[in-house]
file coords-v7.cif (mmCIF, C-alpha atoms (C1' of nucleotides))
data_protein
#
loop_
_atom_site.label_atom_id
_atom_site.label_comp_id
_atom_site.auth_asym_id
_atom_site.auth_seq_id
_atom_site.Cartn_x
_atom_site.Cartn_y
_atom_site.Cartn_z
CA MET A 1 2.92 19.65 -49.33
CA ALA A 2 4.31 16.38 -48.26
CA GLU A 3 3.28 17.56 -44.81
CA LYS A 4 -0.09 17.13 -43.18
CA SER A 5 0.36 20.82 -42.49
CA ASP A 6 -1.14 22.71 -39.60
CA GLU A 7 1.76 22.82 -37.19
CA PRO A 8 4.87 24.36 -38.61
CA THR A 9 7.51 22.14 -37.02
CA VAL A 10 6.63 18.51 -36.53
CA ARG A 11 9.36 16.06 -35.79
CA LYS A 12 9.19 12.34 -36.12
CA PRO A 13 8.82 10.96 -32.63
CA ARG A 14 12.06 9.56 -31.35
CA ALA A 15 12.53 5.89 -31.86
CA ASP A 16 14.03 5.19 -28.46
CA ALA A 17 11.03 6.74 -26.76
CA GLU A 18 8.54 4.49 -28.46
CA ARG A 19 10.74 1.46 -27.94
CA ASN A 20 10.96 2.10 -24.22
CA ARG A 21 7.28 2.72 -23.98
CA LEU A 22 6.47 -0.67 -25.42
CA LEU A 23 9.18 -2.36 -23.41
CA LEU A 24 7.78 -0.92 -20.22
CA MET A 25 4.27 -2.00 -21.05
CA GLU A 26 5.35 -5.56 -21.77
CA THR A 27 7.44 -5.79 -18.66
CA ALA A 28 4.73 -4.29 -16.51
CA LYS A 29 2.14 -6.66 -17.86
CA THR A 30 4.24 -9.65 -16.89
CA ILE A 31 5.04 -8.35 -13.45
CA PHE A 32 1.49 -7.26 -12.71
CA ALA A 33 0.27 -10.69 -13.67
CA ASP A 34 2.83 -12.19 -11.32
CA LYS A 35 2.62 -9.96 -8.32
CA GLY A 36 -0.63 -8.12 -8.60
CA SER A 37 -1.26 -4.48 -9.14
CA SER A 38 0.83 -3.33 -6.21
CA ALA A 39 4.11 -4.42 -7.72
CA SER A 40 6.84 -1.88 -7.36
CA LEU A 41 7.23 0.53 -10.21
CA GLU A 42 10.93 0.71 -9.52
CA GLU A 43 11.17 -3.02 -10.00
CA ILE A 44 9.36 -2.77 -13.30
CA ALA A 45 11.77 -0.11 -14.48
CA ARG A 46 14.74 -2.12 -13.25
CA ILE A 47 13.66 -5.30 -14.99
CA ALA A 48 12.82 -3.42 -18.15
CA GLY A 49 16.32 -2.04 -17.96
CA VAL A 50 15.36 1.61 -17.95
CA GLY A 51 15.62 4.31 -15.33
CA ILE A 52 12.73 5.04 -13.03
CA GLY A 53 12.55 8.50 -14.54
CA THR A 54 11.81 7.03 -17.93
CA LEU A 55 8.94 5.05 -16.56
CA TYR A 56 7.43 8.11 -14.95
CA ARG A 57 7.84 10.19 -18.07
CA HIS A 58 5.89 7.72 -20.14
CA PHE A 59 3.34 6.88 -17.47
CA PRO A 60 2.93 9.67 -14.95
CA THR A 61 0.77 7.54 -12.65
CA ARG A 62 0.39 3.88 -11.93
CA ASP A 63 -3.08 4.09 -13.36
CA ALA A 64 -1.79 5.44 -16.63
CA LEU A 65 0.44 2.42 -16.97
CA VAL A 66 -2.23 -0.08 -16.10
CA SER A 67 -4.72 1.63 -18.33
CA ALA A 68 -2.32 1.62 -21.27
CA ILE A 69 -1.57 -2.05 -20.83
CA TYR A 70 -5.17 -3.16 -20.95
CA ARG A 71 -6.59 -0.67 -23.37
CA ASN A 72 -6.49 -3.13 -26.23
CA GLU A 73 -8.07 -5.96 -24.35
CA THR A 74 -10.75 -3.69 -23.05
CA ALA A 75 -11.58 -2.45 -26.50
CA GLN A 76 -11.82 -6.05 -27.64
CA LEU A 77 -14.21 -6.88 -24.85
CA ALA A 78 -16.37 -3.93 -25.78
CA ALA A 79 -16.34 -4.92 -29.42
CA ALA A 80 -17.51 -8.40 -28.52
CA ALA A 81 -20.81 -6.91 -27.49
CA LYS A 82 -21.59 -5.99 -31.06
CA SER A 83 -20.70 -9.42 -32.43
CA LEU A 84 -22.75 -11.17 -29.81
CA ALA A 85 -25.69 -8.93 -30.47
CA GLU A 86 -25.59 -9.89 -34.11
CA ILE A 87 -25.70 -13.64 -33.70
CA HIS A 88 -27.72 -14.18 -30.54
CA PRO A 89 -31.14 -13.24 -29.28
CA PRO A 90 -31.00 -10.23 -26.97
CA VAL A 91 -31.11 -11.88 -23.58
CA GLU A 92 -28.70 -14.61 -24.51
CA ALA A 93 -26.30 -12.10 -25.98
CA LEU A 94 -26.39 -10.17 -22.74
CA ARG A 95 -25.79 -13.28 -20.71
CA LEU A 96 -22.85 -14.37 -22.83
CA TRP A 97 -21.27 -10.97 -22.70
CA LEU A 98 -21.55 -10.80 -18.93
CA VAL A 99 -19.77 -14.12 -18.76
CA GLN A 100 -17.02 -12.76 -20.96
CA PHE A 101 -16.82 -9.68 -18.84
CA VAL A 102 -16.27 -11.76 -15.73
CA ASP A 103 -13.67 -13.90 -17.44
CA TYR A 104 -11.83 -10.77 -18.42
CA VAL A 105 -11.96 -9.29 -14.96
CA VAL A 106 -10.85 -12.50 -13.31
CA THR A 107 -7.68 -12.60 -15.36
CA LYS A 108 -6.81 -9.21 -13.92
CA HIS A 109 -7.40 -10.62 -10.50
CA GLY A 110 -7.93 -7.88 -8.04
CA MET A 111 -6.23 -5.14 -9.93
CA SER A 112 -8.19 -2.30 -8.58
CA GLU A 113 -6.79 0.09 -11.15
CA VAL A 114 -8.18 -2.04 -13.93
CA LEU A 115 -11.55 -2.18 -12.27
CA ASP A 116 -11.57 1.52 -11.73
CA SER A 117 -10.73 2.13 -15.32
CA LEU A 118 -13.55 -0.15 -16.38
CA VAL A 119 -16.35 0.67 -14.05
CA GLY A 120 -15.02 3.15 -11.52
CA GLY A 121 -16.71 6.09 -13.10
CA THR A 122 -15.31 8.80 -10.87
CA SER A 123 -12.10 9.53 -12.69
CA GLU A 124 -12.00 11.34 -15.96
CA LEU A 125 -8.70 9.81 -16.91
CA TYR A 126 -10.11 6.60 -18.24
CA ALA A 127 -13.19 7.97 -19.81
CA GLY A 128 -11.97 6.26 -22.94
CA SER A 129 -11.95 2.72 -21.66
CA ALA A 130 -14.88 3.13 -19.35
CA ASP A 131 -17.04 4.59 -22.07
CA LEU A 132 -16.42 1.60 -24.27
CA ILE A 133 -17.59 -0.77 -21.57
CA ILE A 134 -20.54 1.37 -20.66
CA GLY A 135 -21.57 1.56 -24.27
CA ALA A 136 -21.28 -2.18 -24.65
CA VAL A 137 -23.41 -3.11 -21.69
CA ASN A 138 -25.98 -0.47 -22.48
CA LEU A 139 -26.32 -1.70 -26.02
CA LEU A 140 -27.05 -5.23 -24.87
CA VAL A 141 -29.37 -4.25 -22.08
CA ASP A 142 -31.33 -1.85 -24.23
CA ARG A 143 -31.87 -4.50 -26.83
CA ALA A 144 -33.17 -6.96 -24.29
CA VAL A 145 -35.38 -4.36 -22.68
CA ALA A 146 -36.74 -3.27 -26.04
CA THR A 147 -38.16 -6.70 -26.73
CA GLY A 148 -39.82 -6.66 -23.36
CA GLU A 149 -38.02 -9.79 -22.24
CA ILE A 150 -36.41 -8.14 -19.26
CA ARG A 151 -36.95 -5.15 -17.06
CA LEU A 152 -34.20 -3.26 -15.33
CA ALA A 153 -34.72 -0.41 -12.92
CA MET A 154 -31.07 0.34 -12.34
CA ASP A 155 -27.91 1.41 -14.07
CA PRO A 156 -26.50 -1.64 -15.85
CA LEU A 157 -23.07 -0.43 -14.88
CA ASP A 158 -23.84 -1.29 -11.30
CA ILE A 159 -24.30 -4.89 -12.29
CA LEU A 160 -20.82 -4.84 -13.71
CA ARG A 161 -19.60 -3.28 -10.52
CA ALA A 162 -20.99 -6.15 -8.51
CA LEU A 163 -19.50 -8.75 -10.81
CA ALA A 164 -16.14 -7.03 -10.90
CA GLY A 165 -16.15 -6.27 -7.22
CA GLY A 166 -16.67 -9.88 -6.34
CA ALA A 167 -13.56 -10.67 -8.29
CA SER A 168 -11.58 -8.15 -6.33
CA ILE A 169 -12.52 -9.83 -3.07
CA SER A 170 -12.41 -13.47 -3.95
CA SER A 171 -9.68 -13.32 -6.49
CA GLY A 172 -8.94 -16.40 -8.46
CA PRO A 173 -10.86 -18.73 -10.70
CA ALA A 174 -13.33 -19.58 -7.95
CA TRP A 175 -15.13 -16.37 -8.66
CA ARG A 176 -15.52 -17.33 -12.28
CA ASP A 177 -17.93 -20.08 -11.38
CA ALA A 178 -19.69 -18.15 -8.70
CA ALA A 179 -20.21 -15.25 -11.05
CA ARG A 180 -21.78 -17.51 -13.66
CA GLN A 181 -24.36 -18.62 -11.17
CA LEU A 182 -24.87 -15.05 -10.19
CA ILE A 183 -25.42 -14.03 -13.78
CA ASP A 184 -28.06 -16.69 -14.20
CA ILE A 185 -29.86 -15.51 -11.11
CA LEU A 186 -29.68 -11.93 -12.26
CA ILE A 187 -31.04 -12.77 -15.68
CA ALA A 188 -33.84 -14.73 -14.10
CA GLY A 189 -34.53 -11.86 -11.75
CA MET A 190 -34.67 -9.36 -14.58
CA ARG A 191 -37.03 -11.64 -16.46
CA ALA A 192 -39.44 -12.15 -13.60
CA SER A 193 -42.12 -10.12 -15.27
CA ARG A 194 -45.18 -11.66 -13.66
CA MET B 195 -8.42 -23.14 45.19
CA ALA B 196 -9.12 -19.56 44.56
CA GLU B 197 -7.37 -20.21 41.24
CA LYS B 198 -8.90 -21.61 38.12
CA SER B 199 -5.85 -23.86 38.26
CA ASP B 200 -4.13 -25.49 35.33
CA GLU B 201 -1.25 -23.16 34.72
CA PRO B 202 1.08 -22.72 37.62
CA THR B 203 2.05 -19.09 37.20
CA VAL B 204 -0.62 -16.77 35.90
CA ARG B 205 -0.15 -13.09 36.21
CA LYS B 206 -2.80 -10.49 35.93
CA PRO B 207 -2.40 -8.89 32.53
CA ARG B 208 -0.71 -5.55 32.78
CA ALA B 209 -3.03 -2.61 32.97
CA ASP B 210 -1.01 -0.37 30.66
CA ALA B 211 -1.11 -2.97 27.94
CA GLU B 212 -4.87 -3.15 27.88
CA ARG B 213 -5.16 0.60 28.16
CA ASN B 214 -2.94 1.13 25.15
CA ARG B 215 -4.73 -1.50 23.21
CA LEU B 216 -8.04 0.26 23.60
CA LEU B 217 -6.50 3.65 23.02
CA LEU B 218 -5.01 2.48 19.76
CA MET B 219 -8.27 1.02 18.59
CA GLU B 220 -10.18 4.20 19.29
CA THR B 221 -7.59 6.37 17.63
CA ALA B 222 -7.35 4.10 14.63
CA LYS B 223 -11.09 4.04 14.21
CA THR B 224 -11.22 7.81 14.05
CA ILE B 225 -8.32 8.09 11.65
CA PHE B 226 -9.52 5.31 9.40
CA ALA B 227 -12.89 7.00 9.17
CA ASP B 228 -11.15 10.22 8.24
CA LYS B 229 -8.49 9.11 5.86
CA GLY B 230 -9.50 5.68 4.72
CA SER B 231 -7.88 2.37 5.36
CA SER B 232 -4.52 3.41 4.01
CA ALA B 233 -3.82 5.87 6.77
CA SER B 234 -0.33 5.68 8.15
CA LEU B 235 0.13 3.39 11.11
CA GLU B 236 2.87 5.63 12.41
CA GLU B 237 0.45 8.52 12.44
CA ILE B 238 -2.02 6.46 14.39
CA ALA B 239 0.62 5.60 16.94
CA ARG B 240 1.76 9.20 17.12
CA ILE B 241 -1.71 10.58 17.68
CA ALA B 242 -2.48 7.89 20.21
CA GLY B 243 0.67 8.95 21.98
CA VAL B 244 2.39 5.59 21.96
CA GLY B 245 5.44 4.31 20.16
CA ILE B 246 5.14 2.58 16.85
CA GLY B 247 6.54 -0.54 18.47
CA THR B 248 3.60 -0.66 20.81
CA LEU B 249 1.17 -0.54 17.95
CA TYR B 250 2.88 -3.39 16.20
CA ARG B 251 3.06 -5.49 19.33
CA HIS B 252 -0.67 -5.26 19.82
CA PHE B 253 -1.59 -5.52 16.17
CA PRO B 254 1.05 -7.32 14.15
CA THR B 255 -0.58 -6.42 10.85
CA ARG B 256 -2.81 -3.70 9.58
CA ASP B 257 -5.51 -6.26 9.12
CA ALA B 258 -5.33 -7.30 12.73
CA LEU B 259 -6.00 -3.72 13.76
CA VAL B 260 -8.87 -3.20 11.37
CA SER B 261 -10.37 -6.50 12.28
CA ALA B 262 -10.20 -5.74 15.97
CA ILE B 263 -11.85 -2.38 15.49
CA TYR B 264 -14.86 -3.75 13.68
CA ARG B 265 -15.29 -7.03 15.46
CA ASN B 266 -18.11 -5.71 17.61
CA GLU B 267 -20.03 -4.18 14.77
CA THR B 268 -19.62 -7.31 12.76
CA ALA B 269 -20.93 -9.45 15.57
CA GLN B 270 -23.90 -7.15 15.83
CA LEU B 271 -24.63 -7.52 12.16
CA ALA B 272 -24.45 -11.27 12.47
CA ALA B 273 -26.75 -11.22 15.45
CA ALA B 274 -29.31 -9.23 13.52
CA ALA B 275 -29.87 -12.26 11.35
CA LYS B 276 -31.39 -14.12 14.25
CA SER B 277 -33.70 -11.29 15.22
CA LEU B 278 -34.88 -10.80 11.68
CA ALA B 279 -35.52 -14.48 11.31
CA GLU B 280 -37.76 -14.40 14.33
CA ILE B 281 -40.06 -11.63 13.26
CA HIS B 282 -40.16 -11.92 9.47
CA PRO B 283 -41.05 -14.59 6.96
CA PRO B 284 -37.95 -16.29 5.57
CA VAL B 285 -37.51 -14.49 2.28
CA GLU B 286 -38.28 -11.09 3.70
CA ALA B 287 -35.85 -11.67 6.55
CA LEU B 288 -33.17 -12.55 4.06
CA ARG B 289 -33.87 -9.46 2.01
CA LEU B 290 -33.79 -7.18 5.01
CA TRP B 291 -30.57 -8.64 6.25
CA LEU B 292 -28.88 -8.22 2.89
CA VAL B 293 -29.89 -4.59 2.95
CA GLN B 294 -28.35 -4.24 6.39
CA PHE B 295 -25.25 -5.97 5.20
CA VAL B 296 -24.85 -3.49 2.38
CA ASP B 297 -25.46 -0.56 4.68
CA TYR B 298 -22.76 -1.84 6.96
CA VAL B 299 -20.27 -2.35 4.18
CA VAL B 300 -20.94 1.05 2.69
CA THR B 301 -20.06 2.77 5.95
CA LYS B 302 -16.65 1.12 5.75
CA HIS B 303 -16.35 2.48 2.25
CA GLY B 304 -13.71 0.64 0.37
CA MET B 305 -11.79 -0.67 3.32
CA SER B 306 -10.54 -3.77 1.70
CA GLU B 307 -9.31 -5.13 4.99
CA VAL B 308 -12.80 -5.03 6.38
CA LEU B 309 -14.18 -6.76 3.36
CA ASP B 310 -11.54 -9.42 3.54
CA SER B 311 -12.28 -10.01 7.16
CA LEU B 312 -15.96 -10.35 6.35
CA VAL B 313 -16.03 -12.35 3.18
CA GLY B 314 -12.46 -12.81 2.05
CA GLY B 315 -12.28 -16.36 3.12
CA THR B 316 -8.67 -16.99 2.29
CA SER B 317 -7.06 -15.86 5.50
CA GLU B 318 -7.36 -17.84 8.66
CA LEU B 319 -6.78 -14.80 10.80
CA TYR B 320 -10.32 -13.58 10.71
CA ALA B 321 -12.04 -16.88 10.84
CA GLY B 322 -13.82 -15.44 13.83
CA SER B 323 -15.55 -12.54 12.14
CA ALA B 324 -16.03 -14.28 8.83
CA ASP B 325 -17.62 -17.29 10.47
CA LEU B 326 -20.19 -15.10 12.13
CA ILE B 327 -21.21 -13.59 8.83
CA ILE B 328 -21.19 -16.90 7.06
CA GLY B 329 -23.36 -18.39 9.75
CA ALA B 330 -25.78 -15.50 9.54
CA VAL B 331 -26.33 -15.63 5.83
CA ASN B 332 -26.52 -19.39 5.80
CA LEU B 333 -29.15 -19.37 8.48
CA LEU B 334 -31.34 -17.03 6.50
CA VAL B 335 -30.84 -18.73 3.19
CA ASP B 336 -31.45 -22.18 4.59
CA ARG B 337 -34.70 -21.06 6.10
CA ALA B 338 -35.93 -19.62 2.84
CA VAL B 339 -34.82 -22.66 0.91
CA ALA B 340 -36.49 -24.99 3.40
CA THR B 341 -39.90 -23.49 2.71
CA GLY B 342 -39.32 -23.95 -0.99
CA GLU B 343 -39.72 -20.27 -1.68
CA ILE B 344 -36.30 -19.90 -3.22
CA ARG B 345 -33.67 -22.06 -4.80
CA LEU B 346 -29.97 -21.32 -4.69
CA ALA B 347 -27.32 -23.31 -6.48
CA MET B 348 -24.36 -21.37 -5.17
CA ASP B 349 -22.56 -20.43 -2.01
CA PRO B 350 -24.52 -17.60 -0.39
CA LEU B 351 -21.22 -16.08 0.60
CA ASP B 352 -20.58 -15.28 -3.03
CA ILE B 353 -23.65 -13.11 -3.06
CA LEU B 354 -22.18 -11.16 -0.20
CA ARG B 355 -18.94 -10.90 -2.11
CA ALA B 356 -20.72 -9.32 -5.03
CA LEU B 357 -22.57 -6.86 -2.83
CA ALA B 358 -19.46 -5.97 -0.87
CA GLY B 359 -17.27 -5.85 -3.92
CA GLY B 360 -19.52 -3.38 -5.60
CA ALA B 361 -19.07 -1.12 -2.61
CA SER B 362 -15.31 -1.33 -2.90
CA ILE B 363 -15.46 -0.11 -6.49
CA SER B 364 -18.15 2.48 -6.35
CA SER B 365 -17.58 3.69 -2.86
CA GLY B 366 -20.04 6.09 -1.41
CA PRO B 367 -23.74 6.11 -0.78
CA ALA B 368 -24.53 5.66 -4.45
CA TRP B 369 -23.87 1.98 -4.08
CA ARG B 370 -26.40 1.75 -1.30
CA ASP B 371 -29.23 2.38 -3.70
CA ALA B 372 -27.80 0.33 -6.50
CA ALA B 373 -27.34 -2.59 -4.16
CA ARG B 374 -30.95 -2.42 -3.05
CA GLN B 375 -32.07 -2.81 -6.61
CA LEU B 376 -29.62 -5.60 -7.02
CA ILE B 377 -30.94 -7.38 -3.98
CA ASP B 378 -34.45 -7.21 -5.34
CA ILE B 379 -33.35 -8.67 -8.63
CA LEU B 380 -31.44 -11.41 -6.88
CA ILE B 381 -34.39 -12.32 -4.70
CA ALA B 382 -36.63 -12.38 -7.72
CA GLY B 383 -34.10 -14.52 -9.55
CA MET B 384 -33.88 -16.97 -6.69
CA ARG B 385 -37.64 -17.16 -6.56
CA ALA B 386 -38.10 -17.91 -10.23
CA SER B 387 -39.06 -21.46 -9.48
CA ARG B 388 -40.07 -23.57 -12.44
"C1'" DA C 389 28.70 17.69 -39.13
"C1'" DT C 390 26.19 20.41 -36.12
"C1'" DA C 391 22.33 22.47 -33.77
"C1'" DA C 392 18.09 21.76 -31.58
"C1'" DA C 393 14.82 19.02 -29.71
"C1'" DT C 394 13.91 15.19 -27.08
"C1'" DA C 395 14.71 11.43 -23.99
"C1'" DT C 396 17.48 9.18 -20.48
"C1'" DG C 397 18.83 7.62 -15.82
"C1'" DG C 398 19.43 7.75 -11.21
"C1'" DA C 399 20.49 10.53 -7.16
"C1'" DG C 400 17.96 12.52 -3.52
"C1'" DG C 401 14.14 13.96 -0.49
"C1'" DC C 402 10.35 12.22 1.67
"C1'" DA C 403 7.18 8.82 3.57
"C1'" DT C 404 5.99 4.39 5.32
"C1'" DC C 405 6.81 -0.21 6.84
"C1'" DC C 406 8.46 -3.27 10.29
"C1'" DT C 407 12.12 -5.16 13.49
"C1'" DC C 408 14.99 -5.17 17.27
"C1'" DC C 409 16.56 -4.27 21.74
"C1'" DG C 410 17.91 -1.20 25.69
"C1'" DT C 411 14.97 1.02 29.06
"C1'" DT C 412 10.92 1.51 31.85
"C1'" DT C 413 6.94 -0.10 34.39
"C1'" DA C 414 3.60 -3.17 36.58
"C1'" DT C 415 2.89 -7.24 39.24
"C1'" DC C 416 3.81 -10.41 42.88
"C1'" DA C 417 6.15 -12.58 46.75
"C1'" DA C 418 8.57 -11.95 50.81
"C1'" DT D 419 7.75 -1.86 51.60
"C1'" DT D 420 10.81 -3.56 48.79
"C1'" DG D 421 13.11 -6.22 45.37
"C1'" DA D 422 13.01 -9.38 41.61
"C1'" DT D 423 11.25 -10.45 37.34
"C1'" DA D 424 8.10 -10.76 33.69
"C1'" DA D 425 5.90 -7.76 30.58
"C1'" DA D 426 5.43 -3.78 27.93
"C1'" DC D 427 7.29 0.46 26.06
"C1'" DG D 428 9.38 3.51 22.60
"C1'" DG D 429 11.85 4.86 18.89
"C1'" DA D 430 16.13 4.42 16.19
"C1'" DG D 431 17.38 2.31 12.04
"C1'" DG D 432 17.44 -0.51 7.84
"C1'" DA D 433 14.70 -1.44 3.90
"C1'" DT D 434 11.69 -0.23 0.36
"C1'" DG D 435 8.72 2.58 -2.51
"C1'" DC D 436 7.11 7.05 -4.44
"C1'" DC D 437 8.07 10.85 -7.31
"C1'" DT D 438 10.91 15.03 -8.93
"C1'" DC D 439 14.58 17.21 -10.99
"C1'" DC D 440 18.28 18.09 -14.07
"C1'" DA D 441 22.95 17.19 -16.02
"C1'" DT D 442 23.99 14.09 -19.61
"C1'" DA D 443 23.19 11.39 -23.75
"C1'" DT D 444 20.79 10.31 -27.98
"C1'" DT D 445 18.04 11.22 -32.02
"C1'" DT D 446 16.35 14.00 -35.69
"C1'" DA D 447 16.63 17.56 -39.04
"C1'" DT D 448 19.37 20.85 -41.58
#

call {"tool": "encode", "arguments": {"input": "coords-v7.cif", "output": "structure tokens"}}
result
Amino acid sequence: MAEKSDEPTVRKPRADAERNRLLLMETAKTIFADKGSSASLEEIARIAGVGIGTLYRHFPTRDALVSAIYRNETAQLAAAAKSLAEIHPPVEALRLWLVQFVDYVVTKHGMSEVLDSLVGGTSELYAGSADLIIGAVNLLVDRAVATGEIRLAMDPLDILRALAGGASISSGPAWRDAARQLIDILIAGMRASR
Amino acid sequence: MAEKSDEPTVRKPRADAERNRLLLMETAKTIFADKGSSASLEEIARIAGVGIGTLYRHFPTRDALVSAIYRNETAQLAAAAKSLAEIHPPVEALRLWLVQFVDYVVTKHGMSEVLDSLVGGTSELYAGSADLIIGAVNLLVDRAVATGEIRLAMDPLDILRALAGGASISSGPAWRDAARQLIDILIAGMRASR
DNA sequence: ATAAATATGGAGGCATCCTCCGTTTATCAA
DNA sequence: TTGATAAACGGAGGATGCCTCCATATTTAT
């Protein structure tokens, strides 16, 4: 009665497990930011003060760890699409969101796992995060197309791939500025209705 | 007299050294094509039938090896810019070359070392290859800008970074088509005069 | 307090990287 | 030819990282 019922025996999850999970995520976030996505998992476990086995139990793959770390931020980025759509005209909303997208990607400079989870598309593992981003960009593009202001004969996701990919090559804030120019050109190109 | 003179003692380079160098490059090219750019260097040495030490002497880093392998192809790509410029109007030449650039990058699917050597820009090691590409794209862009047909307020290299970066995320031929659309949009965006 | 479920840590097997140096080989001069 | 010597070879070995496995420790529920 006091139970949600369904499964007969449900235990409260162990406190130490959850504590370690969060500890690992925090530690990993710091180290990834420092040393890039190829930082040693053993180092992360060591600095977090847990055994390597514990890290692997919580995050069976490097991707799982990276994905967990950025899930919140990614969701936030996706949510921003809705807000922007509400307070800006379609094309401007799209432009602003693309800028935000680039800013987000740049802060993860060159972390291929993050990019894969956002726009990789091949792996099923991150369907969650990827779907959010896909939904966001589609929403904005559709709106702008609906008004007839732009035309787009390709998958909007591929535009994100280009913007994100540039960041993975020319990591650092330099790409931020370049990408803004690129976004302007792209918007202009999509507008060129003639 | 028969000597070029300058250095007192010049020996003919040893034949085995050059032989092994070429052998390693051929082997590596095959294996990279098979297994991607993360193939084991020890495996390459083993299959080439030389010691791992020999591989490292000739190519101190993985990048050096990759760069050496693709130097010819890269030079060819750069040279194509000149030919295209001679037989096509400026904007069309630029468009065609960008398409070729993407085709080239796609065949090296996701080999980050190749991309770095082409458009990375940070490392001095590949100044050779990168300079060729930079020169090529600048030539074409400058021509098109000179006629007033397009305007471009950014480093053309960053456009290459976007096109190449997209390939590194969405490896495979799918990017080929996406990139073509992207190129068209970019050209249109650069044209949008007003 | 005790049983049962759950989580922990780190040793160990495997792979790769890269360096170092004793041995081998190619070149050149005599 | 034949040494002498510079140049190149090969691979053992130390270091590091990946991931698995399981005896031990901790937490929860009774």

call {"tool": "calpha_fit_rmsd", "arguments": {"input": "coords-v7.cif", "fixed": "chain B", "moving": "chain A"}}
result
0.4 Å

call {"tool": "atom_distance", "arguments": {"input": "coords-v7.cif", "atom1": "CA of Ala242 in chain B", "atom2": "C1' of DT412 in chain C"}}
result
18.9 Å

call {"tool": "atom_distance", "arguments": {"input": "coords-v7.cif", "atom1": "CA of Met25 in chain A", "atom2": "CA of Asp103 in chain A"}}
result
21.8 Å

call {"tool": "atom_distance", "arguments": {"input": "coords-v7.cif", "atom1": "CA of Gln181 in chain A", "atom2": "CA of Leu346 in chain B"}}
result
9.0 Å

call {"tool": "resolve_selection", "arguments": {"input": "coords-v7.cif", "expression": "the PyMOL selection byres ((chain D) within 8 of (chain A))", "output": "MDAnalysis selection string"}}
result
chainID D and resid 435 445:446

call {"tool": "interface_residues", "arguments": {"input": "coords-v7.cif", "of": "chain A", "to": "chain B", "cutoff": "8 Å", "atoms": "all atoms listed in the file", "output": "number ranges by chain"}}
result
A: 112, 115-116, 119-121, 153-155, 158-159, 161-170, 175, 178, 181-182, 184-190, 192

call {"tool": "interface_residues", "arguments": {"input": "coords-v7.cif", "of": "chain C", "to": "chain A", "cutoff": "8 Å", "atoms": "all atoms listed in the file", "output": "ChimeraX atom specification"}}
result
/C:394-398

call {"tool": "closest_residue", "arguments": {"input": "coords-v7.cif", "among": "B:Ala287, B:Leu249, B:Ile241, B:Leu278", "to": "DC406 in chain C", "atoms": "only C-alpha atoms (C1' of nucleotides)"}}
result
B:Leu249

call {"tool": "axis_aligned_box", "arguments": {"input": "coords-v7.cif", "around": "range 369-386 of chain B", "padding_each_side": "6 Å", "output": "JSON"}}
result
{"center_x": -31.0, "center_y": -7.8, "center_z": -5.8, "size_x": 26.2, "size_y": 32.3, "size_z": 20.9}

call {"tool": "resolve_selection", "arguments": {"input": "coords-v7.cif", "expression": "the PyMOL selection byres ((chain C and resi 418) around 12)", "output": "list in words"}}
result
DC416 and DA417 of chain C; DT419, DT420, DG421 and DA422 of chain D

call {"tool": "resolve_selection", "arguments": {"input": "coords-v7.cif", "expression": "the PyMOL selection byres ((chain A and resi 142) around 12)", "output": "mmCIF file with C-alpha atoms, in the frame of the given file"}}
result
data_model
loop_
_atom_site.group_PDB
_atom_site.id
_atom_site.type_symbol
_atom_site.label_atom_id
_atom_site.label_comp_id
_atom_site.auth_asym_id
_atom_site.auth_seq_id
_atom_site.Cartn_x
_atom_site.Cartn_y
_atom_site.Cartn_z
ATOM 1 C CA ALA A 85 -25.690 -8.930 -30.470
ATOM 2 C CA PRO A 90 -31.000 -10.230 -26.970
ATOM 3 C CA VAL A 91 -31.110 -11.880 -23.580
ATOM 4 C CA ALA A 93 -26.300 -12.100 -25.980
ATOM 5 C CA LEU A 94 -26.390 -10.170 -22.740
ATOM 6 C CA ILE A 134 -20.540 1.370 -20.660
ATOM 7 C CA GLY A 135 -21.570 1.560 -24.270
ATOM 8 C CA ALA A 136 -21.280 -2.180 -24.650
ATOM 9 C CA VAL A 137 -23.410 -3.110 -21.690
ATOM 10 C CA ASN A 138 -25.980 -0.470 -22.480
ATOM 11 C CA LEU A 139 -26.320 -1.700 -26.020
ATOM 12 C CA LEU A 140 -27.050 -5.230 -24.870
ATOM 13 C CA VAL A 141 -29.370 -4.250 -22.080
ATOM 14 C CA ARG A 143 -31.870 -4.500 -26.830
ATOM 15 C CA ALA A 144 -33.170 -6.960 -24.290
ATOM 16 C CA VAL A 145 -35.380 -4.360 -22.680
ATOM 17 C CA ALA A 146 -36.740 -3.270 -26.040
ATOM 18 C CA THR A 147 -38.160 -6.700 -26.730
ATOM 19 C CA GLY A 148 -39.820 -6.660 -23.360
ATOM 20 C CA GLU A 149 -38.020 -9.790 -22.240
ATOM 21 C CA ILE A 150 -36.410 -8.140 -19.260
ATOM 22 C CA ARG A 151 -36.950 -5.150 -17.060
ATOM 23 C CA LEU A 152 -34.200 -3.260 -15.330
ATOM 24 C CA ALA A 153 -34.720 -0.410 -12.920
ATOM 25 C CA ASP A 155 -27.910 1.410 -14.070
ATOM 26 C CA PRO A 156 -26.500 -1.640 -15.850
#

call {"tool": "residues_near_point", "arguments": {"input": "coords-v7.cif", "point": "(8.8, 14.9, -3.7)", "cutoff": "12 Å", "atoms": "all atoms listed in the file", "output": "list of chain:residue names"}}
result
C:DG400, C:DG401, C:DC402, C:DA403, D:DC436, D:DC437, D:DT438, D:DC439

call {"tool": "residues_around", "arguments": {"input": "coords-v7.cif", "residues": "DT448 in chain D", "least_positions_apart": "3", "cutoff": "12 Å", "atoms": "all atoms listed in the file", "output": "list of chain:residue names"}}
result
C:DA389, C:DT390, C:DA391, C:DA392
